[in-house]
Every structure is written in structure tokens, then in C-alpha cells.
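Structure file data.tsv; described as TSV, C-alpha atoms.
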```
chain	number	residue	atom	x	y	z
A	484	MET	CA	0.00	0.00	0.00
A	485	LYS	CA	1.08	3.60	-0.66
A	486	VAL	CA	2.02	5.77	2.29
A	487	ARG	CA	-0.67	8.27	3.21
A	488	ASN	CA	1.08	11.38	1.88
A	489	LEU	CA	1.14	9.94	-1.66
A	490	LEU	CA	-2.61	9.31	-1.94
A	491	SER	CA	-4.81	11.33	-4.27
A	492	ALA	CA	-8.25	12.56	-3.20
A	493	SER	CA	-9.97	9.61	-4.92
A	494	GLU	CA	-7.59	7.17	-3.27
A	495	VAL	CA	-8.38	8.67	0.13
A	496	VAL	CA	-12.06	7.91	-0.46
A	497	GLU	CA	-11.15	4.30	-1.30
A	498	LEU	CA	-8.93	4.13	1.78
A	499	HIS	CA	-11.77	5.23	4.06
A	500	GLU	CA	-14.12	2.67	2.54
A	501	ASN	CA	-11.52	-0.04	3.14
A	502	LEU	CA	-10.94	1.11	6.72
A	503	SER	CA	-14.68	1.03	7.39
A	504	GLY	CA	-14.76	-2.65	6.44
A	505	ARG	CA	-11.70	-3.42	8.56
A	506	LEU	CA	-13.22	-1.69	11.58
A	507	ASP	CA	-16.36	-3.81	11.16
A	508	LYS	CA	-14.24	-6.95	11.28
A	509	ILE	CA	-12.57	-6.01	14.57
A	510	GLY	CA	-15.87	-5.15	16.22
A	511	ILE	CA	-16.33	-1.39	15.73
A	512	GLU	CA	-19.98	-1.45	14.78
A	513	SER	CA	-22.73	1.12	14.56
A	514	GLN	CA	-23.64	2.79	17.81
A	515	PRO	CA	-26.63	1.56	19.85
A	516	GLU	CA	-29.97	3.34	19.63
A	517	VAL	CA	-29.31	5.36	22.78
A	518	VAL	CA	-26.29	7.09	21.18
A	519	LEU	CA	-28.18	7.85	17.99
A	520	ARG	CA	-30.94	9.44	20.07
A	521	LEU	CA	-28.39	11.44	22.05
A	522	LEU	CA	-26.75	12.66	18.83
A	523	ASP	CA	-30.17	13.66	17.53
A	524	LEU	CA	-30.91	15.58	20.72
A	525	SER	CA	-27.51	17.29	20.65
A	526	SER	CA	-28.28	18.69	17.20
A	527	ARG	CA	-31.60	20.17	18.37
A	528	ARG	CA	-31.40	23.60	19.95
A	529	ASP	CA	-34.84	23.15	21.54
A	530	ALA	CA	-33.90	19.92	23.40
A	531	GLN	CA	-34.49	20.17	27.15
A	532	LEU	CA	-32.91	18.47	30.15
A	533	LEU	CA	-35.90	16.18	30.59
A	534	ASP	CA	-35.53	15.00	26.98
A	535	TYR	CA	-32.02	13.80	27.83
A	536	ALA	CA	-33.22	12.28	31.10
A	537	LYS	CA	-35.77	10.18	29.23
A	538	VAL	CA	-33.11	8.77	26.91
A	539	ILE	CA	-30.58	8.19	29.69
A	540	LYS	CA	-33.15	6.42	31.85
A	541	ALA	CA	-33.25	3.58	29.33
A	542	ASP	CA	-29.53	2.88	29.82
A	543	TYR	CA	-28.53	1.67	33.27
A	544	ALA	CA	-24.78	2.14	32.67
A	545	ILE	CA	-24.91	5.86	31.97
A	546	SER	CA	-27.73	6.42	34.49
A	547	GLY	CA	-25.46	5.12	37.23
A	548	ARG	CA	-22.59	7.36	36.16
A	549	VAL	CA	-24.79	10.44	36.00
A	550	LEU	CA	-25.96	9.75	39.55
A	551	LYS	CA	-22.37	9.11	40.64
A	552	LEU	CA	-21.25	12.44	39.18
A	553	ALA	CA	-24.16	14.30	40.79
A	554	ASN	CA	-23.09	12.88	44.17
A	555	SER	CA	-19.44	13.90	43.72
A	556	ALA	CA	-17.66	16.66	45.62
A	557	LEU	CA	-18.13	18.94	42.62
A	558	PHE	CA	-21.78	19.52	43.55
A	559	ALA	CA	-21.47	19.16	47.36
A	560	GLN	CA	-25.06	18.07	48.00
A	561	ARG	CA	-26.13	17.79	51.64
A	562	THR	CA	-28.30	14.76	50.94
A	563	PRO	CA	-27.61	11.94	48.46
A	564	VAL	CA	-28.97	12.43	44.94
A	565	THR	CA	-31.07	9.37	44.11
A	566	ASN	CA	-33.42	10.80	41.47
A	567	LEU	CA	-32.18	10.92	37.85
A	568	GLU	CA	-34.18	14.05	37.02
A	569	ARG	CA	-32.60	15.88	39.96
A	570	ALA	CA	-29.17	14.64	38.90
A	571	CYS	CA	-29.75	15.98	35.40
A	572	LEU	CA	-30.74	19.37	36.78
A	573	LEU	CA	-27.57	19.50	38.88
A	574	LEU	CA	-25.30	18.62	35.98
A	575	GLY	CA	-26.89	21.03	33.52
A	576	ILE	CA	-27.50	20.38	29.87
A	577	GLU	CA	-23.93	21.00	28.66
A	578	ARG	CA	-22.27	18.60	31.11
A	579	LEU	CA	-25.06	16.06	30.71
A	580	LYS	CA	-24.70	16.00	26.92
A	581	ALA	CA	-20.93	15.73	27.11
A	582	VAL	CA	-20.74	13.00	29.74
A	583	SER	CA	-23.58	10.80	28.50
A	584	LEU	CA	-22.55	10.87	24.84
A	585	GLY	CA	-18.84	10.80	25.59
A	586	PHE	CA	-19.11	7.76	27.85
A	587	HIS	CA	-20.79	5.62	25.21
A	588	LEU	CA	-18.38	6.70	22.48
A	589	SER	CA	-15.33	6.01	24.64
A	590	ARG	CA	-16.60	2.55	25.53
A	591	ALA	CA	-17.10	1.68	21.86
A	592	ALA	CA	-13.80	3.08	20.61
A	593	SER	CA	-11.70	1.49	23.36
A	594	ALA	CA	-13.13	-2.02	22.96
A	595	GLY	CA	-10.61	-4.78	22.35
A	596	ASP	CA	-7.69	-6.56	23.94
A	597	ASP	CA	-5.06	-3.79	23.88
A	598	LYS	CA	-6.15	-2.30	27.19
A	599	GLY	CA	-2.73	-0.82	27.99
A	600	ILE	CA	-2.53	1.69	25.15
A	601	ALA	CA	-6.31	2.22	25.22
A	602	ARG	CA	-6.36	3.19	28.91
A	603	LYS	CA	-3.37	5.50	28.43
A	604	VAL	CA	-4.90	7.24	25.42
A	605	TRP	CA	-8.33	7.54	27.01
A	606	GLY	CA	-6.87	8.93	30.22
A	607	GLN	CA	-5.29	11.68	28.15
A	608	SER	CA	-8.46	12.06	26.10
A	609	VAL	CA	-10.60	12.73	29.17
A	610	PHE	CA	-8.29	15.62	30.03
A	611	ARG	CA	-8.33	16.89	26.44
A	612	ALA	CA	-12.12	16.77	26.57
A	613	CYS	CA	-12.19	18.87	29.74
A	614	LEU	CA	-9.67	21.33	28.30
A	615	ALA	CA	-11.64	21.61	25.05
A	616	ALA	CA	-14.89	22.24	26.93
A	617	GLU	CA	-13.33	25.02	29.03
A	618	ALA	CA	-11.66	26.58	25.96
A	619	ALA	CA	-15.02	26.52	24.16
A	620	ARG	CA	-16.58	28.65	26.90
A	621	ILE	CA	-14.31	31.42	25.59
A	622	GLY	CA	-13.75	30.55	21.94
A	623	ALA	CA	-16.99	28.76	21.01
A	624	PRO	CA	-19.74	29.71	23.47
A	625	GLY	CA	-22.82	27.55	23.18
A	626	LEU	CA	-20.73	24.63	21.89
A	627	VAL	CA	-19.20	23.40	25.14
A	628	ALA	CA	-20.67	19.89	24.98
A	629	GLU	CA	-19.65	19.51	21.34
A	630	ALA	CA	-16.10	20.59	22.20
A	631	PHE	CA	-16.00	17.99	24.99
A	632	VAL	CA	-16.92	15.19	22.58
A	633	ILE	CA	-14.35	16.41	20.02
A	634	GLY	CA	-11.62	16.49	22.67
A	635	LEU	CA	-12.56	12.99	23.80
A	636	MET	CA	-12.64	11.53	20.29
A	637	MET	CA	-9.66	13.19	18.56
A	638	ASP	CA	-7.24	10.39	19.54
A	639	ALA	CA	-9.80	7.57	19.37
A	640	GLY	CA	-8.03	6.16	16.33
A	641	ILE	CA	-4.73	5.54	18.15
A	642	PRO	CA	-5.72	2.30	19.96
A	643	LEU	CA	-7.34	1.12	16.73
A	644	MET	CA	-4.13	1.84	14.78
A	645	HIS	CA	-2.44	-0.55	17.20
A	646	ARG	CA	-5.08	-3.21	16.61
A	647	LEU	CA	-4.89	-2.87	12.82
A	648	LEU	CA	-1.10	-2.54	12.40
A	649	GLY	CA	0.18	-4.52	15.39
A	650	GLU	CA	3.33	-4.03	17.45
A	651	SER	CA	5.10	-2.07	14.72
A	652	TYR	CA	2.68	0.78	15.33
A	653	LEU	CA	3.27	0.64	19.09
A	654	ALA	CA	6.95	1.38	18.42
A	655	THR	CA	5.94	4.41	16.32
A	656	TYR	CA	3.56	5.62	19.03
A	657	ASN	CA	6.15	5.29	21.80
A	658	ASP	CA	8.75	7.07	19.68
A	659	CYS	CA	6.48	10.09	19.05
A	660	ALA	CA	4.95	11.26	22.33
A	661	ALA	CA	4.01	14.60	20.76
A	662	PRO	CA	0.65	14.37	18.91
A	663	GLY	CA	1.80	16.57	16.05
A	664	ALA	CA	4.97	14.51	15.55
A	665	LEU	CA	2.98	11.27	15.70
A	666	HIS	CA	0.54	12.44	13.04
A	667	ARG	CA	3.37	13.57	10.74
A	668	ARG	CA	5.16	10.23	11.19
A	669	GLU	CA	1.96	8.35	10.37
A	670	PHE	CA	1.29	10.56	7.36
A	671	ASP	CA	4.80	10.15	5.95
A	672	THR	CA	5.42	6.44	6.68
A	673	LEU	CA	2.11	4.57	7.09
A	674	PRO	CA	-0.81	3.81	4.74
A	675	PHE	CA	-3.27	5.69	6.99
A	676	THR	CA	-3.32	7.84	10.13
A	677	HIS	CA	-5.30	7.86	13.35
A	678	VAL	CA	-7.17	10.89	11.94
A	679	ASP	CA	-8.30	8.74	8.99
A	680	ILE	CA	-9.67	6.18	11.43
A	681	ALA	CA	-11.45	8.86	13.46
A	682	ALA	CA	-12.96	10.24	10.24
A	683	VAL	CA	-14.29	6.80	9.33
A	684	MET	CA	-15.65	6.21	12.84
A	685	VAL	CA	-17.60	9.45	13.02
A	686	ARG	CA	-19.18	8.84	9.62
A	687	LYS	CA	-20.08	5.31	10.64
A	688	TRP	CA	-21.67	6.72	13.81
A	689	ARG	CA	-23.48	9.47	11.86
A	690	PHE	CA	-21.90	12.41	13.65
A	691	PRO	CA	-23.22	15.81	12.53
A	692	GLU	CA	-20.71	17.92	10.58
A	693	VAL	CA	-20.25	20.29	13.51
A	694	LEU	CA	-18.53	17.38	15.31
A	695	SER	CA	-16.98	15.45	12.41
A	696	ARG	CA	-15.30	18.33	10.57
A	697	PRO	CA	-13.28	19.73	13.53
A	698	LEU	CA	-12.21	16.16	14.37
A	699	GLU	CA	-10.92	15.61	10.85
A	700	LEU	CA	-9.05	18.96	10.90
A	701	HIS	CA	-7.62	19.00	14.42
A	702	HIS	CA	-4.01	18.59	13.19
A	703	THR	CA	-4.48	21.26	10.48
A	704	ARG	CA	-3.51	24.75	11.63
A	705	PRO	CA	-6.56	27.02	11.18
A	706	ALA	CA	-6.26	30.42	9.60
A	707	GLU	CA	-6.37	33.10	12.29
A	708	ALA	CA	-8.88	35.02	10.17
A	709	GLY	CA	-10.75	31.87	9.16
A	710	ARG	CA	-14.46	31.06	9.21
A	711	ASP	CA	-16.29	32.18	12.32
A	712	ASP	CA	-19.19	29.75	12.32
A	713	ALA	CA	-19.60	26.79	14.71
A	714	ILE	CA	-17.30	24.53	12.69
A	715	GLY	CA	-14.59	27.19	12.42
A	716	ARG	CA	-14.66	27.94	16.14
A	717	LEU	CA	-14.55	24.27	17.12
A	718	HIS	CA	-11.70	23.72	14.65
A	719	ARG	CA	-9.66	26.36	16.48
A	720	VAL	CA	-10.41	24.76	19.85
A	721	ALA	CA	-9.58	21.29	18.51
A	722	PHE	CA	-6.27	22.44	17.06
A	723	ILE	CA	-5.12	24.01	20.32
A	724	VAL	CA	-6.16	21.04	22.45
A	725	GLY	CA	-4.89	18.48	19.94
A	726	THR	CA	-1.30	19.76	20.02
A	727	LEU	CA	-0.80	19.28	23.77
A	728	SER	CA	1.30	16.25	24.62
A	729	LEU	CA	0.29	14.57	27.86
A	730	ALA	CA	2.73	11.67	27.70
A	731	GLN	CA	4.16	10.95	31.12
A	732	SER	CA	7.74	11.90	31.79
A	733	SER	CA	10.16	9.86	33.89
A	734	ARG	CA	8.70	11.55	36.98
A	735	GLY	CA	5.18	10.52	36.01
A	736	LEU	CA	4.26	14.08	34.96
A	737	PRO	CA	2.89	15.22	31.60
A	738	THR	CA	5.23	16.77	29.09
A	739	LEU	CA	4.34	19.25	26.37
A	740	ASP	CA	4.51	18.83	22.61
A	741	PRO	CA	7.39	21.02	21.34
A	742	ASP	CA	5.06	21.90	18.46
A	743	SER	CA	2.42	23.27	20.84
A	744	PRO	CA	1.00	26.57	19.57
A	745	GLY	CA	1.86	28.22	22.89
A	746	VAL	CA	0.00	30.88	24.77
A	747	PRO	CA	0.17	33.68	22.13
A	748	THR	CA	-1.25	31.55	19.33
A	749	ALA	CA	-3.86	29.99	21.60
A	750	GLN	CA	-4.96	33.40	22.81
A	751	ARG	CA	-5.25	34.77	19.29
A	752	LEU	CA	-7.28	31.80	18.09
A	753	LEU	CA	-9.59	31.93	21.12
A	754	SER	CA	-9.54	35.72	21.60
A	755	ALA	CA	-8.74	35.00	25.26
A	756	THR	CA	-7.06	37.21	27.87
A	757	ASP	CA	-4.21	36.04	30.16
A	758	GLU	CA	-6.71	35.64	32.98
A	759	GLN	CA	-9.06	33.60	30.80
A	760	MET	CA	-6.24	31.29	29.65
A	761	SER	CA	-5.25	30.65	33.25
A	762	ARG	CA	-8.89	29.96	34.17
A	763	ILE	CA	-9.25	27.53	31.24
A	764	ILE	CA	-6.36	25.41	32.52
A	765	THR	CA	-7.37	25.52	36.18
A	766	SER	CA	-11.02	24.74	35.49
A	767	SER	CA	-10.19	21.89	33.11
A	768	VAL	CA	-8.02	20.20	35.72
A	769	GLY	CA	-10.79	20.46	38.31
A	770	GLU	CA	-13.32	19.02	35.87
A	771	TYR	CA	-10.90	16.25	34.89
A	772	GLN	CA	-10.43	15.20	38.49
A	773	VAL	CA	-14.18	14.66	38.83
A	774	LEU	CA	-14.89	13.13	35.41
A	775	LEU	CA	-12.00	10.66	35.53
A	776	ASP	CA	-14.07	8.62	37.95
A	777	VAL	CA	-16.94	8.46	35.47
A	778	PHE	CA	-14.61	7.08	32.79
A	779	SER	CA	-12.60	4.91	35.19
A	780	ASP	CA	-13.37	1.62	33.43
A	781	VAL	CA	-11.86	2.79	30.13
A	782	ALA	CA	-9.31	5.43	31.15
A	783	GLY	CA	-6.22	5.60	33.31
A	784	ALA	CA	-5.13	8.76	35.12
A	785	VAL	CA	-2.73	10.98	33.21
A	786	CYS	CA	-0.60	11.91	36.21
A	787	ASN	CA	-0.62	13.45	39.67
A	788	ILE	CA	-3.73	15.67	39.58
A	789	GLU	CA	-2.32	18.29	41.93
A	790	GLU	CA	0.56	19.05	39.57
A	791	LEU	CA	-1.34	18.83	36.28
A	792	ALA	CA	-2.44	22.46	36.01
A	793	GLN	CA	1.01	23.78	36.86
A	794	ARG	CA	2.68	21.48	34.35
A	795	VAL	CA	0.34	22.40	31.51
A	796	GLN	CA	0.66	26.11	32.28
A	797	MET	CA	4.47	25.88	32.47
A	798	GLY	CA	4.55	23.88	29.25
A	799	LEU	CA	2.52	26.50	27.42
A	800	VAL	CA	4.73	29.28	28.71
A	801	THR	CA	7.93	27.51	27.58
A	802	ALA	CA	6.46	27.29	24.09
A	803	ILE	CA	6.29	31.09	23.73
A	804	ASP	CA	9.84	31.45	22.36
A	805	ARG	CA	9.19	28.78	19.74
A	806	THR	CA	5.91	30.43	18.80
A	807	VAL	CA	7.60	33.80	18.33
A	808	GLU	CA	10.25	32.19	16.12
A	809	GLU	CA	7.54	30.48	14.07
A	810	SER	CA	5.66	33.77	13.70
A	811	LEU	CA	8.79	35.50	12.42
A	812	ALA	CA	9.43	32.62	10.03
A	813	ARG	CA	5.89	32.86	8.70
A	814	GLU	CA	6.27	36.61	8.19
A	815	ALA	CA	9.51	36.06	6.25
A	816	ALA	CA	8.05	33.24	4.14
A	817	PRO	CA	6.32	33.94	0.82
A	818	ALA	CA	2.62	34.64	1.15
A	819	PRO	CA	0.26	31.71	0.50
A	820	SER	CA	-0.08	31.20	-3.25
A	821	ARG	CA	-3.66	30.86	-4.53
A	822	LEU	CA	-4.38	29.68	-8.04
A	823	MET	CA	-7.58	28.90	-9.93
A	824	ILE	CA	-7.22	25.58	-11.74
A	825	HIS	CA	-10.23	24.16	-13.59
A	826	GLY	CA	-12.54	26.32	-11.48
A	827	GLN	CA	-10.98	25.07	-8.19
A	828	THR	CA	-8.97	27.21	-5.78
A	829	ILE	CA	-5.52	25.78	-4.97
A	830	GLU	CA	-3.52	27.24	-2.09
A	831	ILE	CA	0.17	26.35	-1.79
A	832	VAL	CA	1.64	27.09	1.65
A	833	ARG	CA	5.02	26.72	3.33
A	834	GLU	CA	4.48	25.27	6.81
A	835	THR	CA	6.50	26.34	9.85
A	836	ASP	CA	8.63	23.17	9.63
A	837	GLY	CA	9.70	24.16	6.10
A	838	SER	CA	7.51	21.65	4.28
A	839	VAL	CA	5.19	22.73	1.45
A	840	VAL	CA	1.52	21.72	1.46
A	841	ALA	CA	-1.08	22.25	-1.26
A	842	PHE	CA	-4.79	22.60	-0.46
A	843	VAL	CA	-7.99	22.65	-2.47
A	844	SER	CA	-10.59	25.01	-0.98
A	845	ASP	CA	-14.36	25.01	-1.42
A	846	ALA	CA	-16.53	28.03	-2.27
A	847	ALA	CA	-16.61	29.06	1.40
A	848	GLY	CA	-12.81	29.06	1.60
A	849	GLN	CA	-12.68	25.90	3.71
A	850	ARG	CA	-9.74	23.60	2.94
A	851	VAL	CA	-11.19	20.25	1.87
A	852	VAL	CA	-8.24	18.32	0.35
A	853	SER	CA	-4.54	18.54	1.20
A	854	HIS	CA	-1.32	17.10	-0.20
A	855	ARG	CA	2.23	17.39	1.18
A	856	VAL	CA	4.54	18.37	-1.69
A	857	THR	CA	7.65	16.23	-2.25
A	858	ARG	CA	10.44	18.71	-2.98
A	859	GLY	CA	12.45	18.19	-6.14
A	860	VAL	CA	10.04	15.49	-7.29
A	861	GLU	CA	6.61	17.12	-7.51
A	862	THR	CA	5.44	18.33	-10.91
A	863	PRO	CA	2.36	20.41	-11.73
A	864	THR	CA	0.74	17.31	-13.23
A	865	SER	CA	1.48	15.06	-10.21
A	866	LEU	CA	0.28	17.80	-7.86
A	867	CYS	CA	-3.07	18.15	-9.64
A	868	GLU	CA	-3.47	14.37	-9.73
A	869	ALA	CA	-2.81	14.14	-5.98
A	870	LEU	CA	-5.43	16.83	-5.36
A	871	GLY	CA	-7.99	15.03	-7.54
A	872	LEU	CA	-7.90	17.64	-10.34
A	873	GLU	CA	-7.56	17.31	-14.09
A	874	SER	CA	-4.10	17.72	-15.58
A	875	PRO	CA	-3.22	21.42	-15.90
A	876	GLY	CA	-3.03	23.25	-19.19
A	877	SER	CA	0.20	24.83	-20.42
A	878	GLU	CA	-0.40	28.22	-18.75
A	879	ASP	CA	-1.45	26.60	-15.46
A	880	THR	CA	1.62	24.34	-15.60
A	881	VAL	CA	3.91	27.38	-15.76
A	882	ARG	CA	2.13	29.15	-12.89
A	883	ILE	CA	2.18	26.09	-10.63
A	884	ALA	CA	5.85	25.42	-11.39
A	885	GLU	CA	6.76	29.01	-10.53
A	886	ARG	CA	4.94	28.78	-7.18
A	887	LEU	CA	6.56	25.48	-6.31
A	888	ARG	CA	10.02	26.86	-7.08
A	889	ALA	CA	9.39	30.00	-5.03
A	890	LEU	CA	8.21	28.08	-1.96
A	891	ALA	CA	10.90	25.42	-2.21
A	892	ALA	CA	13.70	27.99	-2.36
```

Please render this file's structure as C-alpha cells.
Amino acid sequence: MKVRNLLSASEVVELHENLSGRLDKIGIESQPEVVLRLLDLSSRRDAQLLDYAKVIKADYAISGRVLKLANSALFAQRTPVTNLERACLLLGIERLKAVSLGFHLSRAASAGDDKGIARKVWGQSVFRACLAAEAARIGAPGLVAEAFVIGLMMDAGIPLMHRLLGESYLATYNDCAAPGALHRREFDTLPFTHVDIAAVMVRKWRFPEVLSRPLELHHTRPAEAGRDDAIGRLHRVAFIVGTLSLAQSSRGLPTLDPDSPGVPTAQRLLSATDEQMSRIITSSVGEYQVLLDVFSDVAGAVCNIEELAQRVQMGLVTAIDRTVEESLAREAAPAPSRLMIHGQTIEIVRETDGSVVAFVSDAAGQRVVSHRVTRGVETPTSLCEALGLESPGSEDTVRIAERLRALAA
């Protein structure tokens, strides 16, 4: 099989169809009726707490966890909460949506025999979910529950990569603790990535686009002046949360991805103040401490809870210098090159690591297909083929060649 970065758009479609069949064979099936009903409710703005309570009542597993959460120290009730309706009122609709839907999805995605890597990934994913939810309160208000589910699901494909590719993938995973580095390694050396698997899973489970699109794009840096609708806002949250590395260090503490966007970039994307950024981290750690118990049967703890907030904050701060250097590099780099080829907009961009990536954008300016350019090898014809476009004419060939030479210099 070809490595992922050599696939054309049509080949990616074939890849996803193949992955869907392989996931069926290892037991990743369609979600039960309760999840489909929860997804339907989450897409309805008029859905009320009691609507969720009625659905949850039919599932004893999540009912018990909702009651357990309502009786936790987070809510400090003087008398035990034994009524599901009261528990739902205490949690509120955002937390109820996130926890009930997230629990079922995590159970399905972590099924299998590789419990070690699954528990590690899901422990990190619970924290990412809490961080995404808190970031959404600033950067995507009204979409907190959706951000929680995106944070929980963005690494769902990692345990499944292990199950599909075996021990060779485990070596790759252990060698690339940083999420960004892991995704690049997968993209450049493997036939598919954990993002491909997540994309297949969410389509199989009939996720609405407001959830599926940010999940598919969470390793793609969003434009700082990009779309400002629900999908665009959740994409920005997903990108920030998805870059944080929570792999444990030798002291059992989380470390940070050296490719983390850092505080300045995060603040620009979220339009957050210093005080708000600090509150996001502190609140997410508090929420994580409570929710980890709800997900205890699928997730292991990331690290010592008391030190988590400090470590994440320190990690973000240490990334500032790198972010400044990247910003200067971007300013010095040629501006993104946009060309119209056969009625399609192509954007050719030099990334901060020096690589060149070509994108096809839709009418709304959203990047829908990408291809990493192989320097010294790529031709205008091979580039168009990789992007799923017809071969360029003579004038287009000259323009594309000029852009590729300028960005490769």
C-alpha cells in the first residue's frame, strides 16, 4: 500500500471505505440506539434536560454514572442524589450532553484486547475533553458539549491503529509522544493515520458535521482570520487542544509537545485574555479530576492531579519562544499562493517546519483536500493528480511550477 502522503483525493475515499470494512471486522460497529438518540438531541437547539433524562433512563450504565457524578464533591449536595431528574438538573445540559454521549463513544472506541494503550490514550483524552470544553466557553460559546466530545474523540483512532497494524505501530507511538509529531510520522510512513480512522468512525456513527469536521481537521492549523461559524470555532479549539502532549515523563508528569502553539497563538485563536487562559487550565483540571471517575473503566489517570495544572501552564509558557520564532518565520516566508485551476482554488503554503503543502478550498474558503509536496520530485501534473484535479493546461503548468520553485527555495 502507498504511504498516506502519496494518496490522491480519490484514493483517500477508497482508503476510508476499506478502513470502514476493517473496523467492522474487529468489532467497531454502529452505535446503539441510545447514542443515535443522544446525537439527535444534541443537534436540536430546543432539546431540554428532561428529553435527555428520558433517553438516559433507558440505559442503566450511563444512568449510574450520571448519579455518581451528581453525588461527587463537585456539587457538594447535603443529601444523596437518588433521582435521575434531579441529577440531570444539577449537571446542567452541557455537562449532561458531554458525559452521556462521551461515555458511550469512549466505551465503543476502546473495545478490544489492547487495554494498555487504550487506557493510556483515554486517560489523556478525558483531560483533552475537559480542556476543550473550558476553551469553548471562551472561543466557542454555546458549543461546550460539542467541544468535549471532540476532545474525547480526537485520539480515538490511536488504539485502533495498534489493533490494525500490530506491534510495529506501538513502536511508532512510543517514539512520538508529541501528537503533532505522531501524526506527521503516520502521514509520511504509514498507509493511513489515526485521523483517517477517526474520520471513518464518526461517519459510521453518523456524527453531525459540527462534530466530524473539527475532528478531521484537528491537526491542520486554522487560519487566524478563518471562518467564524460553529465549525470554524470548534476547529480552532480542537487544534489548540490536539497539540498538547500529555505523555508521562520519567517523573510521572505530563510533558508538552514542542510543536504546541503556545500561549500567544492559543490566545489569538480563542480571543482570550491572560486571565481567561489561566482559568481555562485551572477549570479543566478540576473538571478532569471529577470526570475521571466516570470514565474509570476505560481510562487511566494521566498523572498526579495536583501538579497537572502547573505542568500544563508551564509547558505552554515555555512554548512562547518557539511560537515567536515560528511567527517570524511565517512573516519572512512567501505569502500563500492561490491559483484557480479548472474552477478550483488551490492554495500552496510553506508550513513552519519548512515543508510545502497544497490545499484545495471550497466556495466558502474551507480547505477540503490537502497534499504534502515532495520537494524536487513534484510536478504540476502530479500535484493536480494528488489533489484530484484534471491535468493542468500549459499556462497553469507554468504558474504552478513558478509557485513550487518560489516556496521550495

Exercise: Thr864 in chain A partners within 8 Å, all atoms listed in the file, chain neighbours under 2 positions left out, as a count of residues only: 7

Would you kindly identify which residues have an atom no farther than 7 Å from (-14.6, 21.6, 11.7), using only C-alpha atoms and the file's own coordinates, and write them out as a PDB file with C-alpha atoms, in the coordinates of the input?
```pdb
ATOM      1  CA  VAL A 693     -20.250  20.290  13.510  1.00  0.00           C
ATOM      2  CA  LEU A 694     -18.530  17.380  15.310  1.00  0.00           C
ATOM      3  CA  SER A 695     -16.980  15.450  12.410  1.00  0.00           C
ATOM      4  CA  ARG A 696     -15.300  18.330  10.570  1.00  0.00           C
ATOM      5  CA  PRO A 697     -13.280  19.730  13.530  1.00  0.00           C
ATOM      6  CA  LEU A 698     -12.210  16.160  14.370  1.00  0.00           C
ATOM      7  CA  LEU A 700      -9.050  18.960  10.900  1.00  0.00           C
ATOM      8  CA  ILE A 714     -17.300  24.530  12.690  1.00  0.00           C
ATOM      9  CA  GLY A 715     -14.590  27.190  12.420  1.00  0.00           C
ATOM     10  CA  LEU A 717     -14.550  24.270  17.120  1.00  0.00           C
ATOM     11  CA  HIS A 718     -11.700  23.720  14.650  1.00  0.00           C
TER      12      HIS A 718
END
```

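Closest to Gly769 in chain A among A:Cys613, A:Val549, A:Ala628, A:Val851 is A:Cys613, based on all atoms listed in the file.
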
For CA of Leu626 in chain A and CA of Val685 in chain A, the interatomic separation in Å (one decimal):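 Separation between CA of Leu626 in chain A and CA of Val685 in chain A: 17.9 Å.
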
Edge lengths and centre in Å to one decimal, as lines of an AutoDock Vina configuration file, is what I'm after for the box along x, y and z that holds all listed atoms of range 616-625 of chain A once 5 Å is added on each side.
```
center_x = -17.2
center_y = 26.8
center_z = 25.0
size_x = 21.2
size_y = 19.2
size_z = 18.0
```

Atom pair CA of Ile883 in chain A / CA of Ser491 in chain A: separation (Å):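 Going from CA of Ile883 in chain A over to CA of Ser491 in chain A, I get 17.5 Å.
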
Distance in Å - CA of Lys603 in chain A versus CA of Phe631 in chain A: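 Calculated distance between CA of Lys603 in chain A and CA of Phe631 in chain A is 18.1 Å.
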
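Among A:Val538, A:Ala530, A:Val632, A:Lys580, the residue with the shortest atom-to-atom distance to Phe690 in chain A, counting only C-alpha atoms, is A:Val632.
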
Selected residue, from A:Ala544, A:Pro691, A:Gln759, A:Ser754, that lies nearest to Arg527 in chain A when counting only C-alpha atoms: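 Closest candidate: A:Pro691.
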
Protein and nucleic acid residues near (-10.7, 23.9, 16.6) (cut-off 10 Å, only C-alpha atoms) as an MDAnalysis selection string: chainID A and resid 615 618:619 622:623 630 633:634 696:698 700:705 713:725 752:753

Contacts of range 675-678 of chain A within 8 Å, only C-alpha atoms, excl. fewer than 6 positions in-chain, as an NGL selection string: :A and (486-487 or 498 or 637-641 or 643-644 or 666 or 669 or 698-699)
